[in-house]
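Data block for data_22.csv (CSV, N, CA and C atoms):
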chain,number,residue,atom,x,y,z
A,24,MET,N,-3.1,16.4,-7.4
A,24,MET,CA,-2.3,15.9,-6.3
A,24,MET,C,-2.2,16.9,-5.2
A,25,PRO,N,-2.1,16.5,-4.0
A,25,PRO,CA,-2.1,17.4,-2.9
A,25,PRO,C,-0.8,18.2,-2.9
A,26,ALA,N,-0.7,19.3,-2.1
A,26,ALA,CA,0.5,20.1,-2.0
A,26,ALA,C,1.6,19.2,-1.4
A,27,HIS,N,2.8,19.5,-1.7
A,27,HIS,CA,3.9,18.7,-1.3
A,27,HIS,C,5.2,19.5,-1.0
A,28,ALA,N,6.1,18.8,-0.3
A,28,ALA,CA,7.3,19.5,0.1
A,28,ALA,C,8.5,19.1,-0.8
A,29,GLY,N,8.3,18.2,-1.7
A,29,GLY,CA,9.4,17.7,-2.6
A,29,GLY,C,9.0,17.8,-4.0
A,30,ARG,N,9.6,17.1,-4.9
A,30,ARG,CA,9.4,17.1,-6.3
A,30,ARG,C,8.5,15.9,-6.7
A,31,ILE,N,7.6,16.2,-7.7
A,31,ILE,CA,6.8,15.1,-8.3
A,31,ILE,C,7.0,15.4,-9.8
A,32,THR,N,7.4,14.4,-10.6
A,32,THR,CA,7.6,14.5,-12.0
A,32,THR,C,7.0,13.3,-12.7
A,33,ASP,N,6.7,13.5,-14.0
A,33,ASP,CA,6.3,12.4,-14.8
A,33,ASP,C,7.4,11.8,-15.6
A,34,GLY,N,8.6,12.4,-15.5
A,34,GLY,CA,9.8,11.8,-16.2
A,34,GLY,C,9.9,12.3,-17.6
A,35,SER,N,9.0,13.1,-18.1
A,35,SER,CA,9.0,13.5,-19.5
A,35,SER,C,10.1,14.5,-19.8
A,36,ALA,N,10.5,15.3,-18.9
A,36,ALA,CA,11.6,16.3,-19.1
A,36,ALA,C,12.9,15.9,-18.5
A,37,MET,N,14.0,16.1,-19.2
A,37,MET,CA,15.3,15.8,-18.7
A,37,MET,C,15.6,16.8,-17.5
A,38,GLU,N,16.0,16.3,-16.4
A,38,GLU,CA,16.3,17.2,-15.3
A,38,GLU,C,17.8,17.1,-15.0
A,39,GLU,N,18.3,18.2,-14.4
A,39,GLU,CA,19.6,18.3,-14.0
A,39,GLU,C,20.0,17.3,-12.9
A,40,GLU,N,21.1,16.7,-13.0
A,40,GLU,CA,21.5,15.7,-12.1
A,40,GLU,C,21.7,16.3,-10.7
A,41,ARG,N,21.0,15.8,-9.7
A,41,ARG,CA,21.1,16.4,-8.3
A,41,ARG,C,21.8,15.5,-7.3
A,42,ARG,N,22.3,14.3,-7.8
A,42,ARG,CA,22.9,13.4,-6.8
A,42,ARG,C,24.3,14.0,-6.4
A,43,LYS,N,24.5,13.8,-5.1
A,43,LYS,CA,25.8,14.2,-4.5
A,43,LYS,C,26.7,13.0,-4.1
A,44,GLU,N,26.1,11.9,-4.1
A,44,GLU,CA,26.8,10.7,-3.7
A,44,GLU,C,26.7,9.6,-4.8
A,45,GLU,N,27.6,8.7,-4.8
A,45,GLU,CA,27.6,7.5,-5.7
A,45,GLU,C,26.4,6.6,-5.3
A,46,ARG,N,25.7,6.1,-6.2
A,46,ARG,CA,24.6,5.2,-6.0
A,46,ARG,C,24.9,3.8,-6.5
A,47,TYR,N,24.3,2.8,-5.9
A,47,TYR,CA,24.6,1.5,-6.3
A,47,TYR,C,23.2,0.8,-6.5
A,48,LYS,N,23.1,0.0,-7.6
A,48,LYS,CA,21.9,-0.7,-7.9
A,48,LYS,C,21.8,-1.9,-7.0
A,49,ILE,N,20.5,-2.1,-6.5
A,49,ILE,CA,20.2,-3.3,-5.7
A,49,ILE,C,18.8,-3.8,-6.2
A,50,ASP,N,18.5,-4.9,-5.8
A,50,ASP,CA,17.2,-5.5,-6.0
A,50,ASP,C,16.7,-6.2,-4.8
A,51,ALA,N,16.2,-5.4,-3.8
A,51,ALA,CA,15.8,-6.0,-2.5
A,51,ALA,C,14.4,-5.7,-2.2
A,52,SER,N,13.7,-6.7,-1.7
A,52,SER,CA,12.3,-6.5,-1.1
A,52,SER,C,12.4,-5.6,0.1
A,53,ALA,N,11.4,-4.8,0.3
A,53,ALA,CA,11.4,-3.9,1.4
A,53,ALA,C,9.9,-3.6,1.8
A,54,GLU,N,9.7,-3.2,3.0
A,54,GLU,CA,8.4,-2.7,3.5
A,54,GLU,C,8.6,-1.3,4.0
A,55,VAL,N,7.6,-0.5,3.6
A,55,VAL,CA,7.6,0.9,4.0
A,55,VAL,C,6.4,1.2,4.8
A,56,LYS,N,6.5,1.9,6.0
A,56,LYS,CA,5.4,2.2,6.8
A,56,LYS,C,5.3,3.7,6.9
A,57,TYR,N,4.1,4.3,6.7
A,57,TYR,CA,3.9,5.7,7.0
A,57,TYR,C,2.5,5.8,7.5
A,58,GLY,N,2.4,6.5,8.6
A,58,GLY,CA,1.1,6.6,9.3
A,58,GLY,C,0.6,5.2,9.6
A,59,ALA,N,-0.6,4.9,9.3
A,59,ALA,CA,-1.2,3.5,9.6
A,59,ALA,C,-1.0,2.6,8.4
A,60,THR,N,-0.3,3.1,7.3
A,60,THR,CA,-0.2,2.3,6.1
A,60,THR,C,1.2,1.6,6.0
A,61,THR,N,1.2,0.3,5.6
A,61,THR,CA,2.4,-0.4,5.3
A,61,THR,C,2.3,-1.0,3.9
A,62,VAL,N,3.3,-0.7,3.1
A,62,VAL,CA,3.3,-1.2,1.7
A,62,VAL,C,4.6,-2.0,1.4
A,63,SER,N,4.4,-3.0,0.5
A,63,SER,CA,5.6,-3.8,0.1
A,63,SER,C,6.1,-3.1,-1.2
A,64,VAL,N,7.5,-2.9,-1.2
A,64,VAL,CA,8.1,-2.2,-2.3
A,64,VAL,C,9.4,-2.9,-2.7
A,65,THR,N,10.0,-2.4,-3.7
A,65,THR,CA,11.4,-3.0,-4.1
A,65,THR,C,12.4,-1.8,-4.0
A,66,ALA,N,13.5,-2.1,-3.3
A,66,ALA,CA,14.6,-1.1,-3.2
A,66,ALA,C,15.4,-1.3,-4.5
A,67,ILE,N,15.7,-0.3,-5.2
A,67,ILE,CA,16.4,-0.4,-6.5
A,67,ILE,C,17.7,0.3,-6.6
A,68,GLU,N,18.0,1.2,-5.6
A,68,GLU,CA,19.3,1.9,-5.5
A,68,GLU,C,19.5,2.3,-4.1
A,69,ILE,N,20.8,2.4,-3.7
A,69,ILE,CA,21.2,2.8,-2.4
A,69,ILE,C,22.4,3.6,-2.4
A,70,SER,N,22.6,4.6,-1.5
A,70,SER,CA,23.7,5.4,-1.4
A,70,SER,C,24.0,5.6,0.1
A,71,LYS,N,25.0,6.4,0.4
A,71,LYS,CA,25.4,6.7,1.8
A,71,LYS,C,24.2,7.2,2.6
A,72,SER,N,23.4,8.1,2.0
A,72,SER,CA,22.4,8.8,2.8
A,72,SER,C,20.9,8.6,2.2
A,73,GLY,N,20.7,7.6,1.4
A,73,GLY,CA,19.4,7.5,0.9
A,73,GLY,C,19.2,6.2,0.0
A,74,PHE,N,18.0,6.0,-0.4
A,74,PHE,CA,17.7,4.9,-1.3
A,74,PHE,C,16.6,5.2,-2.2
A,75,ARG,N,16.4,4.5,-3.3
A,75,ARG,CA,15.3,4.6,-4.2
A,75,ARG,C,14.5,3.4,-4.1
A,76,ILE,N,13.1,3.6,-4.1
A,76,ILE,CA,12.2,2.4,-4.1
A,76,ILE,C,11.3,2.5,-5.3
A,77,GLN,N,10.8,1.4,-5.7
A,77,GLN,CA,9.8,1.3,-6.7
A,77,GLN,C,8.5,0.7,-6.1
A,78,SER,N,7.4,1.4,-6.3
A,78,SER,CA,6.2,1.0,-5.7
A,78,SER,C,5.0,1.3,-6.6
A,79,ALA,N,3.9,0.5,-6.4
A,79,ALA,CA,2.6,0.7,-7.0
A,79,ALA,C,1.8,1.8,-6.3
A,80,ASP,N,2.3,2.1,-5.1
A,80,ASP,CA,1.6,3.1,-4.2
A,80,ASP,C,2.3,4.4,-4.3
A,81,PHE,N,1.6,5.5,-4.4
A,81,PHE,CA,2.1,6.9,-4.3
A,81,PHE,C,2.4,7.2,-2.9
A,82,ILE,N,3.5,7.8,-2.6
A,82,ILE,CA,3.8,8.3,-1.3
A,82,ILE,C,4.2,9.7,-1.4
A,83,GLU,N,3.5,10.6,-0.8
A,83,GLU,CA,3.7,12.1,-1.0
A,83,GLU,C,5.1,12.5,-0.5
A,84,PRO,N,5.8,13.4,-1.4
A,84,PRO,CA,7.0,14.0,-0.9
A,84,PRO,C,6.8,14.7,0.4
A,85,GLY,N,7.8,14.6,1.3
A,85,GLY,CA,7.7,15.2,2.6
A,85,GLY,C,7.2,14.2,3.7
A,86,THR,N,6.7,13.0,3.2
A,86,THR,CA,6.2,12.0,4.2
A,86,THR,C,7.4,11.4,4.9
A,87,LYS,N,7.2,11.3,6.2
A,87,LYS,CA,8.2,10.6,7.0
A,87,LYS,C,7.9,9.1,7.0
A,88,ILE,N,8.9,8.3,6.8
A,88,ILE,CA,8.6,6.8,6.7
A,88,ILE,C,9.6,6.0,7.6
A,89,GLU,N,9.2,4.8,7.8
A,89,GLU,CA,10.1,3.8,8.4
A,89,GLU,C,10.1,2.7,7.4
A,90,ALA,N,11.3,2.2,7.1
A,90,ALA,CA,11.4,1.1,6.1
A,90,ALA,C,12.3,0.0,6.7
A,91,VAL,N,12.1,-1.2,6.2
A,91,VAL,CA,12.9,-2.4,6.4
A,91,VAL,C,13.4,-2.8,5.0
A,92,LEU,N,14.7,-2.8,4.8
A,92,LEU,CA,15.3,-3.4,3.6
A,92,LEU,C,15.7,-4.8,3.9
A,93,PHE,N,15.2,-5.8,3.1
A,93,PHE,CA,15.5,-7.2,3.4
A,93,PHE,C,16.7,-7.6,2.6
A,94,LEU,N,17.9,-7.2,3.2
A,94,LEU,CA,19.2,-7.6,2.6
A,94,LEU,C,19.6,-8.9,3.3
A,95,LYS,N,20.9,-9.3,3.3
A,95,LYS,CA,21.3,-10.5,4.0
A,95,LYS,C,20.8,-10.4,5.4
A,96,GLU,N,21.0,-9.3,6.1
A,96,GLU,CA,20.4,-9.0,7.4
A,96,GLU,C,19.4,-7.8,7.2
A,97,PRO,N,18.2,-7.9,7.7
A,97,PRO,CA,17.3,-6.8,7.5
A,97,PRO,C,17.8,-5.5,8.1
A,98,LYS,N,17.6,-4.4,7.4
A,98,LYS,CA,18.1,-3.1,7.8
A,98,LYS,C,16.9,-2.1,8.0
A,99,ARG,N,16.8,-1.7,9.2
A,99,ARG,CA,15.7,-0.7,9.6
A,99,ARG,C,16.2,0.7,9.3
A,100,ILE,N,15.4,1.5,8.7
A,100,ILE,CA,15.8,2.9,8.3
A,100,ILE,C,14.6,3.8,8.5
A,101,ALA,N,14.9,5.0,9.1
A,101,ALA,CA,13.9,6.1,9.1
A,101,ALA,C,14.3,7.1,8.1
A,102,GLY,N,13.3,7.7,7.4
A,102,GLY,CA,13.7,8.6,6.3
A,102,GLY,C,12.5,9.5,5.9
A,103,GLU,N,12.7,10.3,4.9
A,103,GLU,CA,11.7,11.2,4.4
A,103,GLU,C,11.7,11.1,2.9
A,104,VAL,N,10.5,11.0,2.3
A,104,VAL,CA,10.4,11.0,0.8
A,104,VAL,C,10.7,12.4,0.3
A,105,LYS,N,11.7,12.4,-0.6
A,105,LYS,CA,12.1,13.7,-1.2
A,105,LYS,C,11.5,13.9,-2.6
A,106,TRP,N,11.3,12.9,-3.4
A,106,TRP,CA,10.8,13.1,-4.7
A,106,TRP,C,10.1,11.8,-5.2
A,107,VAL,N,9.2,12.0,-6.2
A,107,VAL,CA,8.5,10.9,-6.8
A,107,VAL,C,8.5,11.0,-8.3
A,108,LEU,N,8.8,9.9,-9.0
A,108,LEU,CA,8.8,9.9,-10.4
A,108,LEU,C,7.7,8.9,-10.8
A,109,ALA,N,6.7,9.3,-11.6
A,109,ALA,CA,5.6,8.4,-12.0
A,109,ALA,C,6.0,7.9,-13.4
A,110,GLU,N,6.0,6.6,-13.6
A,110,GLU,CA,6.3,6.0,-14.8
A,110,GLU,C,5.2,5.1,-15.2
A,111,PRO,N,4.6,5.4,-16.4
A,111,PRO,CA,3.5,4.5,-16.8
A,111,PRO,C,4.0,3.1,-17.1
A,112,GLY,N,3.2,2.1,-16.7
A,112,GLY,CA,3.5,0.7,-17.0
A,112,GLY,C,2.4,0.1,-17.9
A,113,GLN,N,2.3,-1.2,-17.9
A,113,GLN,CA,1.2,-1.8,-18.6
A,113,GLN,C,-0.1,-1.7,-17.8
A,114,GLY,N,-0.8,-0.7,-18.1
A,114,GLY,CA,-2.1,-0.5,-17.4
A,114,GLY,C,-2.0,0.0,-16.0
A,115,THR,N,-0.8,0.3,-15.5
A,115,THR,CA,-0.6,0.8,-14.2
A,115,THR,C,0.4,2.0,-14.2
A,116,ILE,N,0.6,2.6,-13.1
A,116,ILE,CA,1.7,3.6,-12.9
A,116,ILE,C,2.6,3.0,-11.8
A,117,ILE,N,3.9,3.0,-12.1
A,117,ILE,CA,4.9,2.6,-11.2
A,117,ILE,C,5.6,3.9,-10.7
A,118,TYR,N,5.7,4.0,-9.4
A,118,TYR,CA,6.3,5.2,-8.8
A,118,TYR,C,7.7,4.9,-8.3
A,119,LYS,N,8.7,5.6,-8.8
A,119,LYS,CA,10.1,5.5,-8.3
A,119,LYS,C,10.2,6.7,-7.3
A,120,ILE,N,10.6,6.3,-6.1
A,120,ILE,CA,10.5,7.3,-4.9
A,120,ILE,C,11.9,7.4,-4.3
A,121,GLY,N,12.4,8.6,-4.2
A,121,GLY,CA,13.7,8.9,-3.5
A,121,GLY,C,13.5,9.2,-2.1
A,122,VAL,N,14.2,8.5,-1.2
A,122,VAL,CA,14.1,8.6,0.2
A,122,VAL,C,15.5,9.1,0.8
A,123,PHE,N,15.5,10.2,1.6
A,123,PHE,CA,16.6,10.6,2.3
A,123,PHE,C,16.6,10.0,3.7
A,124,CYS,N,17.7,9.4,4.2
A,124,CYS,CA,17.7,8.7,5.4
A,124,CYS,C,18.2,9.5,6.6
A,125,LYS,N,17.4,9.6,7.6
A,125,LYS,CA,17.7,10.4,8.8
A,125,LYS,C,18.4,9.6,9.8
A,126,SER,N,18.4,8.3,9.7
A,126,SER,CA,18.9,7.4,10.8
A,126,SER,C,20.4,7.1,10.6
A,127,GLY,N,21.2,7.8,9.8
A,127,GLY,CA,22.6,7.5,9.7
A,127,GLY,C,23.0,7.1,8.3
A,128,LYS,N,24.2,6.7,8.2
A,128,LYS,CA,24.7,6.3,6.9
A,128,LYS,C,24.3,4.9,6.5
A,129,LEU,N,23.7,4.7,5.4
A,129,LEU,CA,23.3,3.4,4.9
A,129,LEU,C,24.5,2.5,4.5
A,130,VAL,N,25.4,3.1,3.8
A,130,VAL,CA,26.5,2.4,3.2
A,130,VAL,C,27.8,3.0,3.9
A,131,THR,N,28.6,2.2,4.6
A,131,THR,CA,29.8,2.7,5.2
A,131,THR,C,30.9,2.7,4.2
A,132,GLU,N,32.0,3.3,4.6
A,132,GLU,CA,33.2,3.3,3.7
A,132,GLU,C,33.6,1.8,3.4
A,133,ASP,N,33.6,1.0,4.4
A,133,ASP,CA,34.0,-0.4,4.2
A,133,ASP,C,33.1,-1.1,3.2
A,134,LYS,N,31.8,-0.8,3.3
A,134,LYS,CA,30.8,-1.4,2.4
A,134,LYS,C,31.0,-0.9,1.0
A,135,LEU,N,31.3,0.4,0.8
A,135,LEU,CA,31.6,1.0,-0.5
A,135,LEU,C,32.8,0.2,-1.1
A,136,GLU,N,33.8,0.0,-0.4
A,136,GLU,CA,35.0,-0.8,-0.9
A,136,GLU,C,34.5,-2.2,-1.4
A,137,ALA,N,33.7,-2.8,-0.5
A,137,ALA,CA,33.2,-4.2,-0.9
A,137,ALA,C,32.3,-4.2,-2.1
A,138,LEU,N,31.7,-3.1,-2.4
A,138,LEU,CA,30.8,-3.0,-3.6
A,138,LEU,C,31.6,-3.1,-4.9
A,139,ASP,N,32.9,-2.7,-4.8
A,139,ASP,CA,33.8,-2.8,-6.0
A,139,ASP,C,34.0,-4.3,-6.3
A,140,GLN,N,33.8,-5.2,-5.3
A,140,GLN,CA,34.0,-6.6,-5.6
A,140,GLN,C,32.8,-7.5,-5.7
A,141,GLN,N,31.6,-6.9,-5.2
A,141,GLN,CA,30.4,-7.7,-5.3
A,141,GLN,C,29.2,-6.8,-5.4
A,142,SER,N,28.1,-7.3,-5.8
A,142,SER,CA,26.9,-6.5,-5.9
A,142,SER,C,26.1,-6.6,-4.6
A,143,TRP,N,25.2,-5.7,-4.4
A,143,TRP,CA,24.3,-5.7,-3.2
A,143,TRP,C,23.4,-7.0,-3.3
A,144,GLU,N,23.1,-7.4,-4.5
A,144,GLU,CA,22.3,-8.6,-4.6
A,144,GLU,C,22.9,-9.8,-3.9
A,145,ASP,N,24.2,-9.8,-3.8
A,145,ASP,CA,25.0,-10.9,-3.1
A,145,ASP,C,25.1,-10.8,-1.6
A,146,CYS,N,24.6,-9.6,-1.1
A,146,CYS,CA,24.8,-9.4,0.4
A,146,CYS,C,23.8,-10.3,1.2

Produce structure tokens that represent the structure in this file.
Amino acid sequence: MPAHAGRITDGSAMEEERRKEERYKIDASAEVKYGATTVSVTAIEISKSGFRIQSADFIEPGTKIEAVLFLKEPKRIAGEVKWVLAEPGQGTIIYKIGVFCKSGKLVTEDKLEALDQQSWEDC
């Protein structure tokens, strides 16, 4: 794999928890664009300043991306890939990719309170 600015792991070793913010599970379709490439992915977690996607395509840590999360109303986000976790699947590799968002807070305090009463799947 090429040199990178973030972490790449195969998930085989337990790593120290690095999260600083509460994360919420979601299941939302999304599109990620980097350079001339656009890929369809699934957003699987969200926090105030980032989200995790699941993709069949590898995206290098340090890559600047533009994403659209297809929630009740589409949310456009600019961010940077911070880490990639490769997980073997049935004949394929699925990449779980952590993205730090540069375009502001994804989840507001009001939304955090609402998450206590409903899931993001209902948004």

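Shortest atom-to-atom contact with Leu108 of chain A among A:Gly121, A:Gly73, A:Gly85, A:Gly58: A:Gly121, counting all atoms listed in the file.
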
Of A:Pro97, A:Glu89, A:Pro84, A:Glu68, the one sitting nearest Val55 of chain A when using all atoms listed in the file is A:Glu89

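The smallest atom-to-atom distance between Ile69 of chain A and any of A:Ala109, A:Leu94, A:Ile82, A:Ile49, using all atoms listed in the file, is found for A:Ile49.
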
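Of note, atom N of Glu45 of chain A and atom CA of Glu83 of chain A are spaced 24.4 Å apart.
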
Who sits within 6.5 Å of Ala90 of chain A, all atoms listed in the file, same chain under 5 positions skipped, as a PyMOL selection string:
chain A and resi 54-56+98-102

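Coordinates place atom CA of Ser70 of chain A at a distance of 29.2 Å from atom CA of Gln113 of chain A.
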
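The smallest atom-to-atom distance between Ile120 of chain A and any of A:Leu92, A:Ile76, A:Ala53, A:Ile67, using only N, CA and C atoms, is found for A:Ile76.
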
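For the set A:Val91, A:Gly114, A:Ser63, A:Ala51, the residue with the smallest atom-to-atom gap to Ser78 of chain A is A:Ser63, counting all atoms listed in the file.
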
Nearest to Glu110 of chain A, restricted to only C-alpha atoms and choosing among A:Thr65, A:Gln77, A:Ser72, A:Thr60, comes out as A:Gln77

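All residues of segment 68-111 of chain A that DSSP, run on the backbone, classes as strand (DSSP E) are Glu68, Ile69, Gly73, Phe74, Arg75, Ile76, Gln77, Ser78, Lys87, Ile88, Glu89, Ala90, Val91, Leu92, Lys98, Arg99, Ile100, Ala101, Gly102, Glu103, Val104, Lys105, Trp106, Val107, Leu108, Ala109, Glu110 and Pro111 of chain A.
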
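In this model, the gap between atom C of Tyr47 of chain A and atom CA of Val122 of chain A comes to 13.7 Å.
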